[in-house]
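Coordinates as given in input_25.pdb (PDB, C-alpha atoms):
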MODEL        1
ATOM      1  CA  MET A   1     -93.708  28.657 107.283
ATOM      2  CA  ALA A   2     -90.172  28.857 105.898
ATOM      3  CA  ILE A   3     -89.684  28.222 102.179
ATOM      4  CA  GLU A   4     -86.252  26.765 101.473
ATOM      5  CA  LEU A   5     -84.784  28.403  98.379
ATOM      6  CA  TYR A   6     -81.344  26.822  98.806
ATOM      7  CA  ASN A   7     -79.606  24.498 101.263
ATOM      8  CA  ASP A   8     -76.345  22.622 100.801
ATOM      9  CA  GLY A   9     -75.973  21.742 104.483
ATOM     10  CA  GLU A  10     -73.673  24.665 105.244
ATOM     11  CA  HIS A  11     -75.303  27.533 103.388
ATOM     12  CA  ALA A  12     -79.065  28.102 103.319
ATOM     13  CA  CYS A  13     -81.507  30.740 102.061
ATOM     14  CA  LEU A  14     -85.027  30.889 103.469
ATOM     15  CA  MET A  15     -88.082  32.915 102.476
ATOM     16  CA  PHE A  16     -91.000  33.771 104.753
ATOM     17  CA  ALA A  17     -94.090  34.781 102.778
ATOM     18  CA  ASP A  18     -97.009  34.388 105.186
ATOM     19  CA  LEU A  19     -96.118  36.534 108.204
ATOM     20  CA  VAL A  20     -98.228  39.529 107.168
ATOM     21  CA  ASP A  21    -101.533  37.869 107.944
ATOM     22  CA  ASP A  22    -103.957  40.798 107.871
ATOM     23  CA  PRO A  23    -107.558  39.565 107.563
ATOM     24  CA  ASN A  24    -108.744  43.095 106.741
ATOM     25  CA  ASP A  25    -106.265  43.392 103.830
ATOM     26  CA  HIS A  26    -104.971  46.737 105.128
ATOM     27  CA  ALA A  27    -101.296  45.759 104.880
ATOM     28  CA  VAL A  28     -99.461  44.755 101.727
ATOM     29  CA  GLN A  29     -98.087  41.204 101.624
ATOM     30  CA  ALA A  30     -94.322  41.163 102.166
ATOM     31  CA  ASN A  31     -91.562  38.549 102.075
ATOM     32  CA  GLN A  32     -88.688  38.338 104.541
ATOM     33  CA  PHE A  33     -85.444  36.440 103.958
ATOM     34  CA  LEU A  34     -82.782  34.708 106.049
ATOM     35  CA  ILE A  35     -79.346  33.697 104.790
ATOM     36  CA  VAL A  36     -77.328  31.347 107.011
ATOM     37  CA  ASP A  37     -73.725  30.330 106.408
ATOM     38  CA  SER A  38     -71.431  28.415 108.761
ATOM     39  CA  GLY A  39     -73.277  29.563 111.872
ATOM     40  CA  HIS A  40     -73.656  33.185 110.767
ATOM     41  CA  GLY A  41     -76.941  34.815 109.765
ATOM     42  CA  ALA A  42     -78.293  37.821 107.889
ATOM     43  CA  LEU A  43     -81.905  38.957 107.624
ATOM     44  CA  ILE A  44     -82.920  40.784 104.454
ATOM     45  CA  ASP A  45     -85.793  43.281 104.733
ATOM     46  CA  PRO A  46     -87.214  41.931 108.014
ATOM     47  CA  GLY A  47     -90.326  44.094 107.840
ATOM     48  CA  GLY A  48     -92.248  46.073 110.417
ATOM     49  CA  ASN A  49     -93.661  45.483 113.858
ATOM     50  CA  MET A  50     -96.473  43.272 112.567
ATOM     51  CA  THR A  51     -93.947  40.661 111.362
ATOM     52  CA  TYR A  52     -91.336  40.863 114.134
ATOM     53  CA  ASN A  53     -92.625  38.272 116.608
ATOM     54  CA  ALA A  54     -93.669  35.777 113.950
ATOM     55  CA  LEU A  55     -90.335  36.119 112.156
ATOM     56  CA  ARG A  56     -88.325  35.501 115.336
ATOM     57  CA  MET A  57     -90.387  32.407 116.070
ATOM     58  CA  ALA A  58     -90.077  31.114 112.502
ATOM     59  CA  MET A  59     -86.298  31.638 112.542
ATOM     60  CA  HIS A  60     -85.759  29.542 115.688
ATOM     61  CA  ALA A  61     -85.910  26.226 113.843
ATOM     62  CA  ARG A  62     -83.073  27.277 111.517
ATOM     63  CA  PHE A  63     -80.975  29.877 113.317
ATOM     64  CA  PRO A  64     -80.896  31.445 116.796
ATOM     65  CA  PRO A  65     -82.254  34.990 116.339
ATOM     66  CA  ASN A  66     -79.946  36.378 119.038
ATOM     67  CA  GLY A  67     -76.943  35.283 116.969
ATOM     68  CA  LEU A  68     -77.855  37.441 113.989
ATOM     69  CA  ASP A  69     -74.883  39.200 112.309
ATOM     70  CA  TYR A  70     -76.731  41.607 110.029
ATOM     71  CA  VAL A  71     -79.986  43.183 109.076
ATOM     72  CA  LEU A  72     -79.663  44.065 105.388
ATOM     73  CA  ALA A  73     -82.154  46.730 104.306
ATOM     74  CA  SER A  74     -82.795  47.397 100.641
ATOM     75  CA  HIS A  75     -84.141  50.849 101.562
ATOM     76  CA  ALA A  76     -85.945  52.518 104.453
ATOM     77  CA  ASP A  77     -89.672  51.958 103.884
ATOM     78  CA  PRO A  78     -91.754  50.769 106.876
ATOM     79  CA  ASP A  79     -92.461  47.338 105.334
ATOM     80  CA  ILE A  80     -88.688  46.910 104.934
ATOM     81  CA  VAL A  81     -87.249  47.828 108.298
ATOM     82  CA  ALA A  82     -89.730  49.483 110.685
ATOM     83  CA  SER A  83     -88.992  46.712 113.217
ATOM     84  CA  LEU A  84     -85.335  47.753 113.343
ATOM     85  CA  ASN A  85     -85.367  48.932 116.950
ATOM     86  CA  LYS A  86     -86.431  45.498 118.191
ATOM     87  CA  TRP A  87     -83.654  43.748 116.276
ATOM     88  CA  LEU A  88     -81.097  46.174 117.680
ATOM     89  CA  VAL A  89     -82.364  45.739 121.252
ATOM     90  CA  HIS A  90     -82.561  41.941 121.192
ATOM     91  CA  THR A  91     -79.472  41.095 119.099
ATOM     92  CA  GLU A  92     -75.940  42.373 118.529
ATOM     93  CA  CYS A  93     -76.501  42.725 114.785
ATOM     94  CA  LYS A  94     -75.231  45.479 112.538
ATOM     95  CA  VAL A  95     -77.560  47.202 110.082
ATOM     96  CA  MET A  96     -76.492  47.764 106.488
ATOM     97  CA  VAL A  97     -78.432  50.280 104.417
ATOM     98  CA  SER A  98     -77.709  52.816 101.679
ATOM     99  CA  GLN A  99     -75.669  55.803 102.781
ATOM    100  CA  VAL A 100     -78.655  57.864 101.581
ATOM    101  CA  TRP A 101     -80.767  56.403 104.417
ATOM    102  CA  ALA A 102     -78.168  55.797 107.127
ATOM    103  CA  ARG A 103     -79.174  58.967 109.004
ATOM    104  CA  PHE A 104     -82.902  58.380 108.522
ATOM    105  CA  VAL A 105     -83.378  54.825 109.818
ATOM    106  CA  PRO A 106     -82.453  55.889 113.400
ATOM    107  CA  HIS A 107     -85.887  57.551 113.464
ATOM    108  CA  PHE A 108     -87.329  54.034 113.802
ATOM    109  CA  CYS A 109     -85.189  53.476 116.898
ATOM    110  CA  SER A 110     -84.618  54.493 120.487
ATOM    111  CA  ILE A 111     -81.995  57.174 121.039
ATOM    112  CA  GLY A 112     -78.568  55.584 121.263
ATOM    113  CA  SER A 113     -79.600  52.142 120.014
ATOM    114  CA  THR A 114     -78.007  52.698 116.587
ATOM    115  CA  ASP A 115     -74.650  53.980 117.893
ATOM    116  CA  ASN A 116     -71.883  52.200 115.938
ATOM    117  CA  ARG A 117     -74.448  49.724 114.624
ATOM    118  CA  ILE A 118     -75.235  51.176 111.165
ATOM    119  CA  ILE A 119     -72.927  50.446 108.232
ATOM    120  CA  PRO A 120     -73.698  52.756 105.285
ATOM    121  CA  ILE A 121     -73.504  51.092 101.869
ATOM    122  CA  PRO A 122     -71.782  53.351  99.310
ATOM    123  CA  ASP A 123     -73.539  54.046  96.024
ATOM    124  CA  PRO A 124     -71.436  51.576  93.970
ATOM    125  CA  GLY A 125     -72.338  48.731  96.356
ATOM    126  CA  MET A 126     -70.003  46.401  98.238
ATOM    127  CA  HIS A 127     -69.162  42.835  99.255
ATOM    128  CA  ILE A 128     -70.469  41.668 102.627
ATOM    129  CA  ARG A 129     -68.721  38.781 104.358
ATOM    130  CA  LEU A 130     -71.080  36.268 105.982
ATOM    131  CA  GLY A 131     -69.426  33.207 107.479
ATOM    132  CA  LYS A 132     -67.405  31.562 104.703
ATOM    133  CA  SER A 133     -69.484  33.201 101.973
ATOM    134  CA  LYS A 134     -70.127  36.694 100.704
ATOM    135  CA  ILE A 135     -73.214  38.658  99.744
ATOM    136  CA  LEU A 136     -73.096  41.439  97.144
ATOM    137  CA  ALA A 137     -74.979  44.683  97.735
ATOM    138  CA  VAL A 138     -76.022  45.498  94.149
ATOM    139  CA  PRO A 139     -77.005  49.049  93.132
ATOM    140  CA  ALA A 140     -80.690  49.531  92.303
ATOM    141  CA  HIS A 141     -81.059  53.268  92.815
ATOM    142  CA  PHE A 142     -84.487  54.810  92.084
ATOM    143  CA  LEU A 143     -86.035  51.316  91.842
ATOM    144  CA  HIS A 144     -87.986  52.597  93.629
ATOM    145  CA  SER A 145     -86.031  54.410  96.353
ATOM    146  CA  GLU A 146     -83.377  57.085  95.837
ATOM    147  CA  GLY A 147     -80.891  54.963  97.757
ATOM    148  CA  ASN A 148     -81.704  51.334  97.006
ATOM    149  CA  PHE A 149     -79.794  48.057  97.055
ATOM    150  CA  GLN A 150     -80.540  44.485  96.206
ATOM    151  CA  PHE A 151     -78.608  41.558  97.640
ATOM    152  CA  TYR A 152     -77.037  38.838  95.496
ATOM    153  CA  ASP A 153     -76.000  35.507  96.952
ATOM    154  CA  PRO A 154     -73.520  34.013  94.455
ATOM    155  CA  LYS A 155     -73.400  30.645  96.207
ATOM    156  CA  ALA A 156     -77.159  30.141  96.005
ATOM    157  CA  LYS A 157     -77.440  32.110  92.732
ATOM    158  CA  ILE A 158     -80.278  34.194  94.169
ATOM    159  CA  LEU A 159     -80.930  37.899  93.685
ATOM    160  CA  PHE A 160     -83.104  39.297  96.462
ATOM    161  CA  SER A 161     -84.518  42.023  94.260
ATOM    162  CA  GLY A 162     -86.507  44.229  96.629
ATOM    163  CA  ASP A 163     -89.415  45.895  94.821
ATOM    164  CA  MET A 164     -88.232  44.887  91.348
ATOM    165  CA  GLY A 165     -90.388  41.976  90.257
ATOM    166  CA  ALA A 166     -92.931  42.607  93.012
ATOM    167  CA  SER A 167     -96.500  41.426  92.539
ATOM    168  CA  MET A 168     -99.658  42.182  94.482
ATOM    169  CA  VAL A 169    -100.901  38.760  95.586
ATOM    170  CA  ASP A 170    -101.919  37.182  98.871
ATOM    171  CA  HIS A 171     -99.456  35.177 100.929
ATOM    172  CA  ASP A 172    -100.680  31.779  99.726
ATOM    173  CA  ASP A 173     -99.926  32.731  96.121
ATOM    174  CA  ALA A 174     -96.585  34.285  97.073
ATOM    175  CA  MET A 175     -95.272  30.891  98.210
ATOM    176  CA  GLN A 176     -95.240  29.523  94.642
ATOM    177  CA  PRO A 177     -92.899  30.610  91.822
ATOM    178  CA  VAL A 178     -94.343  32.234  88.712
ATOM    179  CA  LYS A 179     -95.503  29.562  86.252
ATOM    180  CA  ASP A 180     -97.310  31.615  83.583
ATOM    181  CA  PHE A 181     -95.505  34.895  82.958
ATOM    182  CA  ASP A 182     -98.192  36.464  80.749
ATOM    183  CA  ALA A 183    -100.931  35.724  83.288
ATOM    184  CA  HIS A 184     -98.726  37.088  86.074
ATOM    185  CA  LEU A 185     -98.436  40.492  84.403
ATOM    186  CA  ARG A 186    -101.783  41.671  85.742
ATOM    187  CA  SER A 187    -100.432  41.501  89.302
ATOM    188  CA  MET A 188     -97.172  43.325  88.383
ATOM    189  CA  ARG A 189     -97.866  45.966  85.758
ATOM    190  CA  GLY A 190     -99.609  48.616  87.850
ATOM    191  CA  PHE A 191     -97.108  48.332  90.686
ATOM    192  CA  HIS A 192     -94.081  48.778  88.439
ATOM    193  CA  GLN A 193     -95.625  51.612  86.451
ATOM    194  CA  ARG A 194     -96.289  53.531  89.666
ATOM    195  CA  TYR A 195     -93.287  52.671  91.853
ATOM    196  CA  MET A 196     -90.385  52.523  89.391
ATOM    197  CA  CYS A 197     -88.787  55.840  88.477
ATOM    198  CA  GLY A 198     -88.509  55.453  84.703
ATOM    199  CA  GLN A 199     -87.580  53.182  81.838
ATOM    200  CA  LYS A 200     -84.051  54.564  81.569
ATOM    201  CA  VAL A 201     -83.015  53.122  84.919
ATOM    202  CA  THR A 202     -85.009  49.886  84.570
ATOM    203  CA  ARG A 203     -83.017  49.175  81.405
ATOM    204  CA  TYR A 204     -79.720  49.957  83.105
ATOM    205  CA  TRP A 205     -80.695  47.633  85.939
ATOM    206  CA  ALA A 206     -81.788  44.792  83.644
ATOM    207  CA  ASP A 207     -78.529  45.005  81.661
ATOM    208  CA  MET A 208     -76.570  44.715  84.922
ATOM    209  CA  VAL A 209     -78.630  41.771  86.198
ATOM    210  CA  ARG A 210     -78.104  39.838  82.965
ATOM    211  CA  GLU A 211     -74.419  39.634  83.964
ATOM    212  CA  LEU A 212     -75.277  37.648  87.111
ATOM    213  CA  ASP A 213     -75.423  33.865  87.313
ATOM    214  CA  LEU A 214     -79.011  33.461  88.548
ATOM    215  CA  GLU A 215     -81.340  30.616  89.422
ATOM    216  CA  TRP A 216     -83.789  32.742  91.439
ATOM    217  CA  LEU A 217     -84.976  36.350  91.354
ATOM    218  CA  VAL A 218     -86.953  36.859  94.547
ATOM    219  CA  PRO A 219     -88.799  40.135  95.204
ATOM    220  CA  GLN A 220     -89.917  41.510  98.567
ATOM    221  CA  HIS A 221     -93.586  41.289  97.565
ATOM    222  CA  GLY A 222     -95.295  38.420  95.816
ATOM    223  CA  LYS A 223     -94.106  35.479  93.765
ATOM    224  CA  PRO A 224     -90.462  34.619  93.045
ATOM    225  CA  PHE A 225     -89.074  33.883  89.577
ATOM    226  CA  LYS A 226     -87.298  30.539  89.263
ATOM    227  CA  GLY A 227     -85.125  29.491  86.343
ATOM    228  CA  ARG A 228     -83.262  31.512  83.779
ATOM    229  CA  ALA A 229     -86.035  31.527  81.185
ATOM    230  CA  MET A 230     -88.551  33.057  83.593
ATOM    231  CA  ILE A 231     -85.993  35.528  84.987
ATOM    232  CA  HIS A 232     -85.053  36.722  81.500
ATOM    233  CA  ALA A 233     -88.715  37.046  80.557
ATOM    234  CA  PHE A 234     -89.054  39.508  83.431
ATOM    235  CA  LEU A 235     -85.861  41.381  82.490
ATOM    236  CA  ASP A 236     -87.045  41.762  78.891
ATOM    237  CA  TRP A 237     -90.476  42.970  80.037
ATOM    238  CA  ILE A 238     -89.229  45.528  82.552
ATOM    239  CA  SER A 239     -86.685  46.883  80.042
ATOM    240  CA  ASP A 240     -89.517  47.838  77.686
ATOM    241  CA  LEU A 241     -92.072  49.088  80.237
ATOM    242  CA  PRO A 242     -92.728  52.843  80.376
ATOM    243  CA  CYS A 243     -93.119  53.699  84.040
ATOM    244  CA  GLY A 244     -92.836  56.462  86.612
ATOM    245  CA  ILE A 245     -91.926  59.801  85.100
ATOM    246  CA  ASP A 246     -92.340  58.358  81.572
ATOM    247  CA  LEU A 247     -96.086  58.393  82.185
ATOM    248  CA  MET A 248     -96.375  61.857  83.739
ATOM    249  CA  THR A 249     -98.052  64.732  81.874
ATOM    250  CA  PRO A 250     -99.057  68.289  82.879
ATOM    251  CA  SER A 251    -102.478  66.891  83.821
ATOM    252  CA  HIS A 252    -100.868  65.173  86.832
ATOM    253  CA  TYR A 253     -99.667  68.536  88.197
ATOM    254  CA  ARG A 254    -102.793  70.600  88.609
ATOM    255  CA  LEU A 255    -104.273  72.096  91.730
ATOM    256  CA  PRO A 256    -107.192  70.083  93.138
ATOM    257  CA  ALA A 257    -110.608  71.217  91.990
ATOM    258  CA  SER A 258    -112.711  73.028  94.585
TER     259      SER A 258
ENDMDL
END
Represent the supplied structure as C-alpha cells.
Amino acid sequence: MAIELYNDGEHACLMFADLVDDPNDHAVQANQFLIVDSGHGALIDPGGNMTYNALRMAMHARFPPNGLDYVLASHADPDIVASLNKWLVHTECKVMVSQVWARFVPHFCSIGSTDNRIIPIPDPGMHIRLGKSKILAVPAHFLHSEGNFQFYDPKAKILFSGDMGASMVDHDDAMQPVKDFDAHLRSMRGFHQRYMCGQKVTRYWADMVRELDLEWLVPQHGKPFKGRAMIHAFLDWISDLPCGIDLMTPSHYRLPAS
C-alpha cells in the first residue's frame, strides 16, 4: 500500500511501509520511498531482496519501474540497498551513494553491472536534478554510517531522514504519523542511543535541519513526523540525547569471561 505524502499532479512523494511482512519478526520494519516528477522517478532506500518484488508491483500504479532514473541510497546497509543488483539489471537507473561506499556497493552486484552506473556523492552533498525539480543530498555523516546522506525534497518540503528519527514499530503503526511525542520515545530512545555516533554530531545535524523548510521528516524505519511542531520536538530531543560513544566506558571493552 502506497502512502501519499505529497502530490500536486506533477510532483509526488510516496512511502511504502508494509513491504517487510515477516511473520516471524526476524527482519526489521523498513520504509521505501518513491519521488516522481514530470515522468521521472527516483527510489530512496529501496531495501533488500525481501522487498524487491513487492516494491516493483506497488510502484506500477504510480510509475513504470523500468523508467526509473535513480536509486538514491542513504548508506550501504542491507536494508537500504541489498536489492541493488536487481534494479540495475531490470532498469537503466543510476545509483547515487556516498563516495565512502561507492566502491563497496558493487559487492551486492554481478560483475560489470555497476560499470558507469554509480555516481558518488561528495561529502558536502549535492543537488540532484529529477525532471523539473531537484533533490538535495544532505550530509548526515556518522548518523549512523561513516558516509551517510539524507534526501531533501524542497518542493514537497520533506526530509527523507534515513535512520535519524527511526522507531522500532510494526508496519501497521509505521503508516501513521507520530501523534504523541512523549509516548513515542520508548520506540526511539534505545535505537538512537545505540546507532548514532555521539551527541556532538546529532547537534550539528539538528542545527542544519532547522534551516530547512519542512512539513515532513520521514525516517527509513517507523513512523514519520508531520508538522513543524512535531519535527522540532524531535530535533530538540535528539540534540540533548547522549548516544553512541558518549555512553561508552572501559567496561564495554573487556575480554569475554571464560
query = Expanded to explicit residues, what is the PyMOL selection byres ((chain A and resi 5-8) around 12) for this file, as a ChimeraX atom specification?
reply = /A:2-4,9-16,33-38,62,153-160,175-177,215-218,224-226
request  = Tell me, in Å to one decimal, how far atom CA of Ser83 of chain A is from atom CA of Val95 of chain A.
outcome  =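 Answer for the atom CA of Ser83 of chain A to atom CA of Val95 of chain A separation: 11.9 Å.
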query = Using all atoms listed in the file, which residue out of A:Val209, A:Val178, A:Met50, A:Ala42 lies closest to Ser133 of chain A?
reply = A:Ala42
task = Find the distance between atom CA of Ala233 of chain A and atom CA of Asp182 of chain A and write it in Å to one decimal.
result = 9.5 Å
task = Can you work out the spacing between atom CA of Ala102 of chain A and atom CA of Leu136 of chain A in Å, to one decimal?
result =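 It comes out at 18.2 Å.
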request  = Could you check which of A:Val28, A:Leu72, A:Ala17, A:Val169 is closest to Leu130 of chain A, using all atoms listed in the file?
outcome  =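 Of A:Val28, A:Leu72, A:Ala17, A:Val169, the one nearest Leu130 of chain A is A:Leu72, counting all atoms listed in the file.
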Picked residues, the PyMOL selection byres ((chain A and resi 241) around 10), expected as a list of chain:residue names =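 Applied to this file, the PyMOL selection byres ((chain A and resi 241) around 10) returns A:Arg189, A:His192, A:Gln193, A:Met196, A:Gly198, A:Gln199, A:Lys200, A:Thr202, A:Arg203, A:Asp236, A:Trp237, A:Ile238, A:Ser239, A:Asp240, A:Pro242, A:Cys243, A:Gly244, A:Asp246.
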task = Identify which of the residues A:Ala140, A:Leu55, A:Phe234, A:Gly125 lies closest to Asp180 of chain A, counting all atoms listed in the file when measuring atom-to-atom distances.
result = A:Phe234
task = With the file shown as input, list the residues that the PyMOL selection byres ((chain A and resi 99) around 10) selects, as number ranges by chain.
result = A: 75, 96-98, 100-104, 118-123, 147-148
